[in-house]
$ cat entry11.cif   # mmCIF, C-alpha atoms
data_start
loop_
_atom_site.label_atom_id
_atom_site.label_comp_id
_atom_site.auth_asym_id
_atom_site.auth_seq_id
_atom_site.Cartn_x
_atom_site.Cartn_y
_atom_site.Cartn_z
CA THR A 12 -9.83 -37.13 74.51
CA SER A 13 -12.97 -35.65 72.93
CA LEU A 14 -10.88 -32.79 71.52
CA THR A 15 -8.35 -35.27 70.17
CA ARG A 16 -11.09 -37.22 68.37
CA ARG A 17 -12.50 -33.99 66.88
CA THR A 18 -9.06 -32.91 65.78
CA SER A 19 -8.38 -36.33 64.22
CA SER A 20 -11.76 -36.24 62.47
CA LEU A 21 -11.11 -32.72 61.16
CA THR A 22 -7.67 -33.72 59.96
CA PHE A 23 -9.16 -36.76 58.22
CA ASP A 24 -11.85 -34.59 56.53
CA VAL A 25 -9.26 -32.09 55.36
CA GLY A 26 -7.14 -34.95 54.05
CA LYS A 27 -10.12 -36.36 52.15
CA LYS A 28 -10.84 -32.95 50.61
CA ILE A 29 -7.22 -32.54 49.60
CA ALA A 30 -7.17 -36.02 48.08
CA LYS A 31 -10.44 -35.33 46.24
CA ALA A 32 -9.14 -32.02 44.94
CA PHE A 33 -5.95 -33.74 43.82
CA ARG A 34 -7.92 -36.45 41.96
CA GLU A 35 -10.10 -33.80 40.31
CA GLU A 36 -6.99 -31.88 39.28
CA ILE A 37 -5.49 -35.04 37.76
CA LEU A 38 -8.75 -35.80 35.94
CA SER A 39 -9.05 -32.21 34.69
CA SER A 40 -5.45 -32.28 33.50
CA SER A 41 -6.07 -35.57 31.72
CA LEU A 42 -9.19 -34.20 30.04
CA ASN A 43 -7.36 -31.04 29.02
CA ASN A 44 -4.56 -33.12 27.58
CA ASP A 45 -7.09 -35.14 25.60
CA ILE A 46 -8.72 -31.95 24.36
CA ASN A 47 -5.34 -30.43 23.51
CA ASP A 48 -4.38 -33.62 21.70
CA ASP A 49 -7.62 -33.41 19.68
CA ILE A 50 -6.98 -29.75 18.86
CA PHE A 51 -3.39 -30.55 17.94
CA GLU A 52 -4.57 -33.30 15.60
CA GLU A 53 -7.04 -30.89 13.98
CA VAL A 54 -4.30 -28.29 13.53
CA LYS A 55 -2.04 -30.91 12.00
CA GLU A 56 -4.82 -31.84 9.59
CA THR A 57 -5.26 -28.22 8.47
CA GLU A 58 -1.50 -27.75 8.17
CA LYS A 59 -1.07 -30.67 5.79
CA VAL A 60 0.54 -29.57 2.55
CA VAL A 61 -1.95 -29.47 -0.30
CA ASP A 62 -0.94 -31.63 -3.24
CA TYR A 63 -0.75 -29.45 -6.34
CA SER A 64 1.09 -32.04 -8.43
CA ASN A 65 -1.87 -32.53 -10.78
CA PHE A 66 -2.40 -28.83 -11.44
CA ARG A 67 -1.99 -27.77 -15.05
CA ILE A 68 -2.59 -24.43 -16.73
CA PRO A 69 -5.44 -25.11 -19.21
CA LYS A 70 -4.27 -25.71 -22.77
CA ASN A 71 -6.37 -22.83 -24.14
CA THR A 72 -4.31 -20.28 -22.18
CA HIS A 73 -2.28 -17.48 -23.75
CA ALA A 74 0.48 -15.71 -21.83
CA ILE A 75 1.52 -12.07 -21.89
CA ALA A 76 4.30 -10.51 -19.82
CA ILE A 77 6.05 -7.16 -19.64
CA ASP A 78 9.35 -6.05 -18.14
CA ASP A 79 11.72 -3.26 -19.15
CA SER A 80 14.77 -5.48 -18.45
CA LYS A 81 16.06 -7.82 -21.17
CA PHE A 82 17.37 -10.23 -18.53
CA GLN A 83 14.01 -10.31 -16.72
CA ARG A 84 12.18 -10.93 -20.00
CA LYS A 85 14.31 -14.05 -20.43
CA LEU A 86 13.35 -15.17 -16.92
CA LEU A 87 9.68 -14.56 -17.72
CA ALA A 88 9.99 -16.79 -20.79
CA LYS A 89 11.45 -19.48 -18.53
CA ILE A 90 8.60 -19.07 -16.03
CA PHE A 91 6.00 -19.55 -18.76
CA ASP A 92 7.96 -22.49 -20.11
CA ASN A 93 8.01 -24.13 -16.67
CA ALA A 94 4.27 -23.45 -16.40
CA GLY A 95 3.71 -25.47 -19.57
CA ILE A 96 2.85 -22.59 -21.91
CA SER A 97 4.54 -23.05 -25.28
CA ALA A 98 6.45 -20.27 -27.05
CA ASP A 99 3.79 -19.89 -29.76
CA ARG A 100 1.19 -18.98 -27.12
CA ARG A 101 3.16 -16.33 -25.23
CA THR A 102 4.14 -12.71 -25.82
CA ILE A 103 6.80 -10.94 -23.78
CA ILE A 104 7.29 -7.21 -24.29
CA GLY A 105 8.83 -4.17 -22.64
CA ASP A 106 11.72 -3.37 -24.95
CA GLY A 107 11.60 0.40 -25.13
CA TYR A 108 9.20 3.28 -24.67
CA SER A 109 6.65 2.34 -27.31
CA GLU A 110 6.18 -1.23 -26.04
CA VAL A 111 5.69 -0.08 -22.46
CA MET A 112 3.39 2.82 -23.30
CA GLY A 113 1.42 0.70 -25.76
CA PHE A 114 0.97 -2.21 -23.32
CA GLU A 115 -2.59 -1.41 -22.27
CA ASP A 116 -3.84 -1.02 -25.85
CA TYR A 117 -2.05 -4.22 -26.87
CA VAL A 118 -3.65 -6.35 -24.13
CA VAL A 119 -7.15 -4.94 -24.67
CA ALA A 120 -6.95 -5.67 -28.41
CA PHE A 121 -5.44 -9.11 -27.81
CA MET A 122 -8.18 -10.18 -25.43
CA LYS A 123 -10.91 -8.97 -27.74
CA ASN A 124 -9.42 -10.99 -30.60
CA HIS A 125 -8.52 -14.22 -28.78
CA ASP A 126 -10.54 -16.82 -26.94
CA GLY A 127 -9.40 -18.76 -23.90
CA TYR A 128 -7.61 -17.60 -20.79
CA VAL A 129 -4.90 -14.92 -20.71
CA PHE A 130 -2.25 -15.30 -18.03
CA MET A 131 -0.30 -12.08 -17.48
CA ILE A 132 2.82 -11.37 -15.43
CA VAL A 133 3.44 -7.65 -15.12
CA GLU A 134 6.47 -5.90 -13.66
CA GLU A 135 5.35 -3.24 -11.18
CA ASN A 136 8.00 -0.61 -11.91
CA LEU A 137 8.37 -0.11 -15.65
CA ASP A 138 11.14 2.41 -16.32
CA VAL A 139 10.92 4.22 -19.67
CA VAL A 140 12.73 6.98 -21.49
CA ASP A 141 10.95 9.15 -24.04
CA GLU A 142 13.63 9.41 -26.72
CA SER A 143 12.11 12.56 -28.22
CA SER A 144 12.37 14.50 -24.95
CA ASN A 145 14.86 12.31 -23.06
CA LYS A 146 12.37 12.30 -20.18
CA HIS A 147 12.64 9.42 -17.70
CA ASP A 148 9.47 8.04 -16.15
CA THR A 149 8.29 5.00 -14.16
CA ILE A 150 4.98 3.41 -15.05
CA SER A 151 3.08 1.33 -12.49
CA GLY A 152 2.38 -2.11 -13.91
CA SER A 153 -0.44 -2.75 -11.44
CA GLN A 154 -2.09 0.53 -12.47
CA CYS A 155 -1.85 -0.62 -16.10
CA VAL A 156 -3.61 -3.87 -15.16
CA GLU A 157 -6.36 -1.98 -13.37
CA ASN A 158 -6.83 0.27 -16.41
CA ILE A 159 -6.99 -2.75 -18.72
CA ARG A 160 -9.58 -4.51 -16.58
CA LYS A 161 -11.77 -1.42 -16.59
CA ARG A 162 -11.58 -1.18 -20.39
CA LEU A 163 -12.46 -4.81 -21.07
CA PRO A 164 -16.02 -6.08 -21.41
CA PRO A 165 -17.01 -8.36 -18.48
CA GLU A 166 -16.78 -11.57 -20.54
CA ALA A 167 -13.19 -10.79 -21.56
CA GLU A 168 -12.10 -9.54 -18.14
CA ARG A 169 -13.41 -12.74 -16.61
CA ARG A 170 -10.83 -14.71 -18.63
CA MET A 171 -7.85 -12.68 -17.42
CA PHE A 172 -5.41 -13.84 -14.76
CA ALA A 173 -2.94 -11.06 -13.94
CA LEU A 174 -0.08 -11.26 -11.45
CA ILE A 175 2.15 -8.37 -10.42
CA ARG A 176 5.86 -9.16 -10.18
CA SER A 177 8.02 -6.97 -7.99
CA THR A 178 10.81 -6.79 -5.43
CA ASN A 179 8.58 -4.49 -3.37
CA ASN A 180 6.77 -6.95 -1.14
CA SER A 181 5.62 -5.01 1.91
CA SER A 182 2.11 -5.81 3.15
CA SER A 183 0.86 -2.43 1.90
CA ASP A 184 2.40 -2.97 -1.55
CA ILE A 185 0.91 -6.46 -1.86
CA ALA A 186 -2.49 -5.15 -0.78
CA ILE A 187 -2.39 -2.66 -3.67
CA TYR A 188 -1.34 -5.36 -6.16
CA LYS A 189 -4.20 -7.62 -5.09
CA THR A 190 -6.69 -4.78 -5.42
CA ARG A 191 -5.60 -3.98 -8.97
CA ALA A 192 -4.69 -7.48 -10.17
CA HIS A 193 -5.20 -11.09 -9.02
CA GLY A 194 -2.06 -11.77 -7.08
CA PHE A 195 1.63 -11.15 -6.51
CA LEU A 196 4.87 -12.88 -7.46
CA LEU A 197 8.19 -12.01 -5.88
CA LYS A 198 10.70 -11.02 -8.54
CA LEU A 199 12.74 -14.21 -8.42
CA PRO A 200 13.14 -17.22 -10.72
CA ILE A 201 10.65 -20.04 -10.05
CA LYS A 202 11.96 -23.57 -10.34
CA ARG A 203 9.91 -26.04 -12.32
CA ASP A 204 9.23 -28.24 -9.27
CA LYS A 205 7.90 -25.20 -7.35
CA MET A 206 5.74 -23.84 -10.17
CA ASN A 207 2.51 -25.61 -9.24
CA GLU A 208 2.93 -24.69 -5.59
CA LYS A 209 3.20 -21.00 -6.56
CA LEU A 210 0.57 -20.82 -9.29
CA ALA A 211 -2.17 -23.26 -8.29
CA PRO A 212 -3.50 -21.36 -5.23
CA LEU A 213 -3.51 -18.09 -7.18
CA TRP A 214 -5.15 -19.66 -10.24
CA TRP A 215 -7.87 -21.38 -8.22
CA GLY A 216 -8.40 -18.16 -6.29
CA ARG A 217 -9.18 -16.44 -9.58
CA PHE A 218 -10.97 -19.36 -11.23
CA PRO A 219 -12.66 -21.39 -8.46
CA PRO A 220 -13.62 -24.90 -9.65
CA SER A 221 -17.10 -24.30 -8.22
CA GLU A 222 -17.63 -21.55 -10.80
CA PHE A 223 -15.45 -22.63 -13.69
CA GLY A 224 -15.92 -26.40 -13.53
CA GLU A 225 -14.41 -29.12 -11.40
CA SER A 226 -11.76 -29.87 -14.02
CA MET A 227 -10.45 -26.30 -14.15
CA GLY A 228 -6.67 -26.55 -14.09
CA ILE A 229 -6.74 -30.11 -12.72
CA ASN A 230 -5.37 -33.18 -14.46
CA SER A 231 -6.09 -36.73 -13.43
CA GLN A 232 -3.20 -38.96 -12.40
CA ASN A 233 -3.40 -40.73 -15.75
CA ASP A 234 -3.32 -37.42 -17.66
CA SER A 235 -0.30 -36.20 -15.73
CA LYS A 236 1.59 -39.39 -16.51
CA ALA A 237 0.69 -39.36 -20.18
#

$ encode --input "entry11.cif" --output "structure tokens"
Amino acid sequence: TSLTRRTSSLTFDVGKKIAKAFREEILSSSLNNDINDDIFEEVKETEKVVDYSNFRIPKNTHAIAIDDSKFQRKLLAKIFDNAGISADRRTIIGDGYSEVMGFEDYVVAFMKNHDGYVFMIVEENLDVVDESSNKHDTISGSQCVENIRKRLPPEAERRMFALIRSTNNSSSDIAIYKTRAHGFLLKLPIKRDKMNEKLAPLWWGRFPPSEFGESMGINSQNDSKA
């Protein structure tokens, strides 16, 4: 009888411990779920799409682009048009050997003689043929941009926003582009309704509002409706 009571007591104690452990497990699971819910909410907050609808390229911006393809030069004109840069403020070159080889000198002179921002889109692989020797060559657009930046005085270089446009989009390629220029664009047309989404992060990365003014590239709702 004494053994039976001890056994019953032991069984009861074990049952209590199991029940306690079960309650603690339920409580822990509940707390973890609450924590996970909080983390999930924070992640959702950070994943919210940024509204770039009020972004505008500043009016005092000139545009320069280069591509050796006539078709691509037409697409570049359309990109600038969709970005709100009028035809009288943009220059698109790359038609022939002299335009490609003279690109660096042209941009350096342009920036020294013009105020405001200069937005450049530069094809990475510029194919040229020297008509005098019939020699074919490929010029790196990103290398041209790096050379230009080194030649410009700091005040002028600070106003430049240069993007490299290419079909070569491996991580190593893009890393080179970002070292030499200010960003990368895949060599595809950009629809008007996607323009701000593509350009705004790159523009603000180059010209942070904290350094260039809170209104840099930002229109108010009233301005955008005007």

$ closest_residue --input "entry11.cif" --among "A:Ser177, A:Ile77, A:His125, A:Phe82" --to "Arg100 in chain A" --atoms "all atoms listed in the file"
A:His125

$ resolve_selection --input "entry11.cif" --expression "the PyMOL selection byres ((chain A and resi 188) around 12)" --output "number ranges by chain"
A: 132-136, 151-157, 173-177, 179-187, 189-197

$ resolve_selection --input "entry11.cif" --expression "the PyMOL selection byres ((chain A and resi 108) around 9)" --output "list in words"
Asp79, Gly105, Asp106, Gly107, Ser109, Glu110, Val111, Met112, Gly113, Asp138, Val139, Val140, Asp141 and Glu142 of chain A

$ atom_distance --input "entry11.cif" --atom1 "CA of Arg203 in chain A" --atom2 "CA of Tyr128 in chain A"
21.2 Å

$ closest_residue --input "entry11.cif" --among "A:Asp116, A:Ser144, A:Ser64, A:His73" --to "Ser97 in chain A" --atoms "only C-alpha atoms"
A:His73

$ closest_residue --input "entry11.cif" --among "A:Met122, A:Ile90, A:Ile96, A:Met206" --to "Pro165 in chain A" --atoms "all atoms listed in the file"
A:Met122

$ closest_residue --input "entry11.cif" --among "A:Glu166, A:Leu199, A:Asn71, A:Leu213" --to "Asp99 in chain A" --atoms "only C-alpha atoms"
A:Asn71

$ closest_residue --input "entry11.cif" --among "A:Ser80, A:Thr178, A:Asn65, A:Asn93" --to "Leu137 in chain A" --atoms "all atoms listed in the file"
A:Ser80

$ closest_residue --input "entry11.cif" --among "A:Trp214, A:Gln83, A:Asp78, A:Lys202" --to "Ile150 in chain A" --atoms "all atoms listed in the file"
A:Asp78

$ atom_distance --input "entry11.cif" --atom1 "CA of Arg84 in chain A" --atom2 "CA of Lys123 in chain A"
24.4 Å

$ atom_distance --input "entry11.cif" --atom1 "CA of Ile75 in chain A" --atom2 "CA of Trp215 in chain A"
19.0 Å

$ residues_around --input "entry11.cif" --residues "Arg169 in chain A" --least-positions-apart "4" --cutoff "10 Å" --atoms "all atoms listed in the file" --output "VMD selection string"
chain A and resid 128 to 129 160 163 to 165 217 to 218

$ build_atoms --input "entry11.cif" --residues "range 203-214 of chain A" --atoms "all heavy atoms" --output "PDB file, in the coordinates of the input"
ATOM      1  N   ARG A 203      11.003 -25.253 -11.753  1.00  0.00           N
ATOM      2  CA  ARG A 203       9.910 -26.040 -12.320  1.00  0.00           C
ATOM      3  C   ARG A 203       9.162 -26.831 -11.248  1.00  0.00           C
ATOM      4  O   ARG A 203       7.929 -26.904 -11.272  1.00  0.00           O
ATOM      5  CB  ARG A 203      10.453 -27.007 -13.387  1.00  0.00           C
ATOM      6  CG  ARG A 203       9.369 -27.770 -14.147  1.00  0.00           C
ATOM      7  CD  ARG A 203       9.999 -28.748 -15.139  1.00  0.00           C
ATOM      8  NE  ARG A 203      10.705 -28.043 -16.191  1.00  0.00           N
ATOM      9  CZ  ARG A 203      10.134 -27.623 -17.318  1.00  0.00           C
ATOM     10  NH1 ARG A 203       8.836 -27.815 -17.517  1.00  0.00           N
ATOM     11  NH2 ARG A 203      10.853 -27.002 -18.243  1.00  0.00           N
ATOM     12  N   ASP A 204       9.893 -27.414 -10.284  1.00  0.00           N
ATOM     13  CA  ASP A 204       9.230 -28.240  -9.270  1.00  0.00           C
ATOM     14  C   ASP A 204       8.467 -27.409  -8.236  1.00  0.00           C
ATOM     15  O   ASP A 204       7.727 -27.961  -7.420  1.00  0.00           O
ATOM     16  CB  ASP A 204      10.237 -29.162  -8.578  1.00  0.00           C
ATOM     17  CG  ASP A 204      11.329 -28.397  -7.832  1.00  0.00           C
ATOM     18  OD1 ASP A 204      11.445 -27.165  -8.053  1.00  0.00           O
ATOM     19  OD2 ASP A 204      12.058 -29.007  -7.048  1.00  0.00           O
ATOM     20  N   LYS A 205       8.638 -26.092  -8.258  1.00  0.00           N
ATOM     21  CA  LYS A 205       7.900 -25.200  -7.350  1.00  0.00           C
ATOM     22  C   LYS A 205       6.788 -24.436  -8.069  1.00  0.00           C
ATOM     23  O   LYS A 205       6.043 -23.695  -7.429  1.00  0.00           O
ATOM     24  CB  LYS A 205       8.867 -24.193  -6.714  1.00  0.00           C
ATOM     25  CG  LYS A 205       9.944 -24.812  -5.825  1.00  0.00           C
ATOM     26  CD  LYS A 205       9.333 -25.443  -4.580  1.00  0.00           C
ATOM     27  CE  LYS A 205      10.405 -25.981  -3.654  1.00  0.00           C
ATOM     28  NZ  LYS A 205       9.820 -26.626  -2.441  1.00  0.00           N
ATOM     29  N   MET A 206       6.684 -24.628  -9.377  1.00  0.00           N
ATOM     30  CA  MET A 206       5.740 -23.840 -10.170  1.00  0.00           C
ATOM     31  C   MET A 206       4.296 -24.065  -9.746  1.00  0.00           C
ATOM     32  O   MET A 206       3.534 -23.110  -9.531  1.00  0.00           O
ATOM     33  CB  MET A 206       5.922 -24.178 -11.655  1.00  0.00           C
ATOM     34  CG  MET A 206       5.110 -23.289 -12.593  1.00  0.00           C
ATOM     35  SD  MET A 206       5.560 -21.537 -12.481  1.00  0.00           S
ATOM     36  CE  MET A 206       7.272 -21.584 -13.000  1.00  0.00           C
ATOM     37  N   ASN A 207       3.892 -25.325  -9.630  1.00  0.00           N
ATOM     38  CA  ASN A 207       2.510 -25.610  -9.240  1.00  0.00           C
ATOM     39  C   ASN A 207       2.178 -25.049  -7.869  1.00  0.00           C
ATOM     40  O   ASN A 207       1.083 -24.522  -7.642  1.00  0.00           O
ATOM     41  CB  ASN A 207       2.241 -27.113  -9.274  1.00  0.00           C
ATOM     42  CG  ASN A 207       2.127 -27.656 -10.676  1.00  0.00           C
ATOM     43  OD1 ASN A 207       2.226 -26.902 -11.643  1.00  0.00           O
ATOM     44  ND2 ASN A 207       1.922 -28.946 -10.807  1.00  0.00           N
ATOM     45  N   GLU A 208       3.130 -25.179  -6.948  1.00  0.00           N
ATOM     46  CA  GLU A 208       2.930 -24.690  -5.590  1.00  0.00           C
ATOM     47  C   GLU A 208       2.693 -23.179  -5.566  1.00  0.00           C
ATOM     48  O   GLU A 208       1.920 -22.672  -4.752  1.00  0.00           O
ATOM     49  CB  GLU A 208       4.167 -25.052  -4.762  1.00  0.00           C
ATOM     50  CG  GLU A 208       4.108 -24.648  -3.308  1.00  0.00           C
ATOM     51  CD  GLU A 208       5.398 -25.014  -2.577  1.00  0.00           C
ATOM     52  OE1 GLU A 208       5.954 -26.095  -2.855  1.00  0.00           O
ATOM     53  OE2 GLU A 208       5.846 -24.196  -1.759  1.00  0.00           O
ATOM     54  N   LYS A 209       3.365 -22.453  -6.483  1.00  0.00           N
ATOM     55  CA  LYS A 209       3.200 -21.000  -6.560  1.00  0.00           C
ATOM     56  C   LYS A 209       1.921 -20.605  -7.286  1.00  0.00           C
ATOM     57  O   LYS A 209       1.198 -19.703  -6.847  1.00  0.00           O
ATOM     58  CB  LYS A 209       4.409 -20.384  -7.292  1.00  0.00           C
ATOM     59  CG  LYS A 209       5.728 -20.499  -6.570  1.00  0.00           C
ATOM     60  CD  LYS A 209       5.798 -19.550  -5.393  1.00  0.00           C
ATOM     61  CE  LYS A 209       7.183 -19.587  -4.759  1.00  0.00           C
ATOM     62  NZ  LYS A 209       7.255 -18.704  -3.568  1.00  0.00           N
ATOM     63  N   LEU A 210       1.656 -21.262  -8.415  1.00  0.00           N
ATOM     64  CA  LEU A 210       0.570 -20.820  -9.290  1.00  0.00           C
ATOM     65  C   LEU A 210      -0.805 -21.362  -8.927  1.00  0.00           C
ATOM     66  O   LEU A 210      -1.804 -20.651  -9.054  1.00  0.00           O
ATOM     67  CB  LEU A 210       0.889 -21.176 -10.742  1.00  0.00           C
ATOM     68  CG  LEU A 210       2.038 -20.426 -11.408  1.00  0.00           C
ATOM     69  CD1 LEU A 210       2.137 -20.827 -12.874  1.00  0.00           C
ATOM     70  CD2 LEU A 210       1.855 -18.920 -11.282  1.00  0.00           C
ATOM     71  N   ALA A 211      -0.865 -22.619  -8.504  1.00  0.00           N
ATOM     72  CA  ALA A 211      -2.170 -23.260  -8.290  1.00  0.00           C
ATOM     73  C   ALA A 211      -3.078 -22.495  -7.328  1.00  0.00           C
ATOM     74  O   ALA A 211      -4.251 -22.243  -7.652  1.00  0.00           O
ATOM     75  CB  ALA A 211      -1.994 -24.706  -7.833  1.00  0.00           C
ATOM     76  N   PRO A 212      -2.592 -22.085  -6.141  1.00  0.00           N
ATOM     77  CA  PRO A 212      -3.500 -21.360  -5.230  1.00  0.00           C
ATOM     78  C   PRO A 212      -3.998 -20.055  -5.826  1.00  0.00           C
ATOM     79  O   PRO A 212      -5.158 -19.674  -5.633  1.00  0.00           O
ATOM     80  CB  PRO A 212      -2.621 -21.102  -3.992  1.00  0.00           C
ATOM     81  CG  PRO A 212      -1.496 -22.075  -4.090  1.00  0.00           C
ATOM     82  CD  PRO A 212      -1.256 -22.288  -5.546  1.00  0.00           C
ATOM     83  N   LEU A 213      -3.116 -19.354  -6.568  1.00  0.00           N
ATOM     84  CA  LEU A 213      -3.510 -18.090  -7.180  1.00  0.00           C
ATOM     85  C   LEU A 213      -4.510 -18.319  -8.312  1.00  0.00           C
ATOM     86  O   LEU A 213      -5.501 -17.590  -8.443  1.00  0.00           O
ATOM     87  CB  LEU A 213      -2.266 -17.368  -7.713  1.00  0.00           C
ATOM     88  CG  LEU A 213      -1.243 -16.933  -6.663  1.00  0.00           C
ATOM     89  CD1 LEU A 213       0.048 -16.479  -7.327  1.00  0.00           C
ATOM     90  CD2 LEU A 213      -1.809 -15.819  -5.794  1.00  0.00           C
ATOM     91  N   TRP A 214      -4.246 -19.352  -9.122  1.00  0.00           N
ATOM     92  CA  TRP A 214      -5.150 -19.660 -10.240  1.00  0.00           C
ATOM     93  C   TRP A 214      -6.529 -20.044  -9.741  1.00  0.00           C
ATOM     94  O   TRP A 214      -7.545 -19.548 -10.214  1.00  0.00           O
ATOM     95  CB  TRP A 214      -4.544 -20.779 -11.096  1.00  0.00           C
ATOM     96  CG  TRP A 214      -5.347 -21.082 -12.330  1.00  0.00           C
ATOM     97  CD1 TRP A 214      -6.443 -21.882 -12.429  1.00  0.00           C
ATOM     98  CD2 TRP A 214      -5.123 -20.551 -13.645  1.00  0.00           C
ATOM     99  NE1 TRP A 214      -6.919 -21.901 -13.716  1.00  0.00           N
ATOM    100  CE2 TRP A 214      -6.134 -21.096 -14.487  1.00  0.00           C
ATOM    101  CE3 TRP A 214      -4.170 -19.689 -14.199  1.00  0.00           C
ATOM    102  CZ2 TRP A 214      -6.215 -20.792 -15.841  1.00  0.00           C
ATOM    103  CZ3 TRP A 214      -4.250 -19.392 -15.557  1.00  0.00           C
ATOM    104  CH2 TRP A 214      -5.259 -19.945 -16.362  1.00  0.00           C
TER     105      TRP A 214
END
